[in-house]
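upload25.cif (mmCIF, C-alpha atoms) appears below.
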data_protein
loop_
_atom_site.group_PDB
_atom_site.id
_atom_site.type_symbol
_atom_site.label_atom_id
_atom_site.label_comp_id
_atom_site.auth_asym_id
_atom_site.auth_seq_id
_atom_site.Cartn_x
_atom_site.Cartn_y
_atom_site.Cartn_z
ATOM 1 C CA MET A 290 104.337 101.242 90.226
ATOM 2 C CA ASP A 291 104.632 97.677 88.980
ATOM 3 C CA PRO A 292 107.429 97.274 86.382
ATOM 4 C CA ALA A 293 105.129 95.315 84.043
ATOM 5 C CA SER A 294 102.549 98.087 83.977
ATOM 6 C CA ALA A 295 105.264 100.720 83.483
ATOM 7 C CA LYS A 296 106.515 98.717 80.484
ATOM 8 C CA VAL A 297 103.040 98.693 78.936
ATOM 9 C CA ILE A 298 102.569 102.413 79.566
ATOM 10 C CA GLY A 299 105.957 103.119 77.969
ATOM 11 C CA ALA A 300 105.041 101.006 74.930
ATOM 12 C CA GLY A 301 101.786 102.922 74.554
ATOM 13 C CA LEU A 302 103.569 106.258 74.725
ATOM 14 C CA ALA A 303 106.107 105.104 72.139
ATOM 15 C CA ALA A 304 103.279 103.952 69.859
ATOM 16 C CA ILE A 305 101.898 107.491 69.871
ATOM 17 C CA GLY A 306 105.013 108.504 67.913
ATOM 18 C CA ALA A 307 104.014 106.222 65.044
ATOM 19 C CA GLY A 308 100.613 107.898 64.843
ATOM 20 C CA LEU A 309 102.129 111.344 64.949
ATOM 21 C CA ALA A 310 104.425 110.395 62.074
ATOM 22 C CA ALA A 311 101.340 109.709 59.964
ATOM 23 C CA ILE A 312 100.098 113.215 60.720
ATOM 24 C CA GLY A 313 103.513 114.582 59.727
ATOM 25 C CA VAL A 314 103.510 112.724 56.409
ATOM 26 C CA GLY A 315 100.039 114.045 55.625
ATOM 27 C CA THR A 316 101.154 117.575 56.419
ATOM 28 C CA ILE A 317 104.243 117.257 54.233
ATOM 29 C CA PHE A 318 102.280 116.081 51.198
ATOM 30 C CA GLY A 319 99.521 118.623 51.809
ATOM 31 C CA MET A 320 101.982 121.500 51.915
ATOM 32 C CA TYR A 321 103.724 120.161 48.811
ATOM 33 C CA LEU A 322 100.456 120.087 46.883
ATOM 34 C CA GLN A 323 99.552 123.550 48.099
ATOM 35 C CA GLY A 324 102.918 124.930 46.966
ATOM 36 C CA ALA A 325 102.824 123.097 43.637
ATOM 37 C CA LEU A 326 99.359 124.404 42.851
ATOM 38 C CA ARG A 327 100.334 127.967 43.724
ATOM 39 C CA ASN A 328 103.572 127.890 41.726
ATOM 40 C CA PRO A 329 103.689 125.028 39.191
ATOM 41 C CA SER A 330 107.103 126.056 37.862
ATOM 42 C CA ALA A 331 108.698 125.356 41.269
ATOM 43 C CA ASP A 332 107.352 121.803 41.320
ATOM 44 C CA ALA A 333 110.613 120.270 40.088
ATOM 45 C CA GLN A 334 112.644 122.056 42.768
ATOM 46 C CA MET A 335 110.372 120.893 45.587
ATOM 47 C CA GLY A 336 110.360 117.216 44.600
ATOM 48 C CA GLY A 337 113.666 116.369 46.264
ATOM 49 C CA ARG A 338 112.714 118.148 49.452
ATOM 50 C CA LEU A 339 109.397 116.303 49.445
ATOM 51 C CA ILE A 340 111.047 112.885 49.273
ATOM 52 C CA PHE A 341 113.632 113.806 51.922
ATOM 53 C CA GLY A 342 110.963 115.110 54.305
ATOM 54 C CA PHE A 343 108.851 112.026 53.750
ATOM 55 C CA ALA A 344 111.804 109.693 54.376
ATOM 56 C CA VAL A 345 112.855 111.406 57.600
ATOM 57 C CA THR A 346 109.316 111.546 58.949
ATOM 58 C CA GLU A 347 108.606 107.934 58.072
ATOM 59 C CA ALA A 348 111.900 106.803 59.610
ATOM 60 C CA LEU A 349 111.012 108.477 62.895
ATOM 61 C CA GLY A 350 107.630 106.754 62.827
ATOM 62 C CA LEU A 351 109.231 103.372 62.193
ATOM 63 C CA ILE A 352 111.720 103.908 65.007
ATOM 64 C CA ALA A 353 108.850 104.748 67.358
ATOM 65 C CA ALA A 354 106.987 101.608 66.277
ATOM 66 C CA VAL A 355 110.061 99.420 66.812
ATOM 67 C CA VAL A 356 110.635 100.899 70.259
ATOM 68 C CA ALA A 357 106.983 100.312 71.160
ATOM 69 C CA LEU A 358 107.167 96.685 70.031
ATOM 70 C CA ALA A 359 110.465 96.155 71.830
ATOM 71 C CA LEU A 360 109.009 97.511 75.057
ATOM 72 C CA ALA A 361 105.789 95.526 74.721
ATOM 73 C CA PHE A 362 107.357 92.148 74.002
ATOM 74 C CA SER A 363 110.572 92.209 75.979
#
Once more with this new file: its structure as structure tokens, please.
Amino acid sequence: MDPASAKVIGAGLAAIGAGLAAIGVGTIFGMYLQGALRNPSADAQMGGRLIFGFAVTEALGLIAAVVALALAFS
């Protein structure tokens, strides 16, 4: 396989991680809303976990995007 085409394929596979992070963020907020609507008194306890889960998921998506850009343009 040509190294240039392998680089483009690798960048495409890394870009998939950024899209999957968006699915993860949607799932996190959906589950938070579901839990908050079922038990409104636990809303304050879940807020910190919500922000932490969002931050970790978004960081993984950003890392995947940076890796994809680095592979595509290097």
Residue members of the PyMOL selection byres ((chain A and resi 307) around 7) in the file shown, as a list in words = Ala304, Ile305, Gly306, Gly308, Leu309, Ala310, Ala311, Gly350, Leu351, Ala353 and Ala354 of chain A
What are the nearest atom pairs, with distances in Å to one decimal, for all residues of region 304-359 of chain A that come at most 12 Å from region 293-297 of chain A, using all atoms listed in the file, set out by chain and rising residue number as CSV?
residue,atom,partner,partner_atom,distance
A:Ala304,CA,A:Val297,CA,10.5
A:Val356,CA,A:Lys296,CA,11.2
A:Ala357,CA,A:Val297,CA,8.9
A:Leu358,CA,A:Val297,CA,10.0
A:Ala359,CA,A:Lys296,CA,9.9
Counting all atoms listed in the file, figure out which residue out of A:Phe362, A:Phe318, A:Val355, A:Asp291 gets nearest to Arg338 (chain A).
-> A:Phe318
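Reported to one decimal place, the separation of CA of Ala331 (chain A) from CA of Gly319 (chain A) is 15.5 Å.
Taking only C-alpha atoms into account, Met320 (chain A) lies nearest to A:Leu339 out of the set A:Leu339, A:Leu349, A:Ala303, A:Ala361.
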Would you mind reading off the distance between CA of Val345 (chain A) and CA of Ile298 (chain A), one decimal, in Å?
->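 CA of Ile298 (chain A) lies at a distance of 25.9 Å from CA of Val345 (chain A).
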For CA of Ile340 (chain A) and CA of Gln323 (chain A), the interatomic separation in Å (one decimal) | 15.7 Å
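Considering the residues A:Ala344, A:Leu360, A:Ile352, A:Ala333 and counting all atoms listed in the file, Tyr321 (chain A) has its shortest atom-to-atom contact with A:Ala333.
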Put a box with edges along x, y and z around all the listed atoms of region 322-325 of chain A, pad it by 5 Å on each side, then give me its centre and sizes in Å, one decimal, as lines of an AutoDock Vina configuration file.
center_x = 101.2
center_y = 122.5
center_z = 45.9
size_x = 13.4
size_y = 14.8
size_z = 14.5
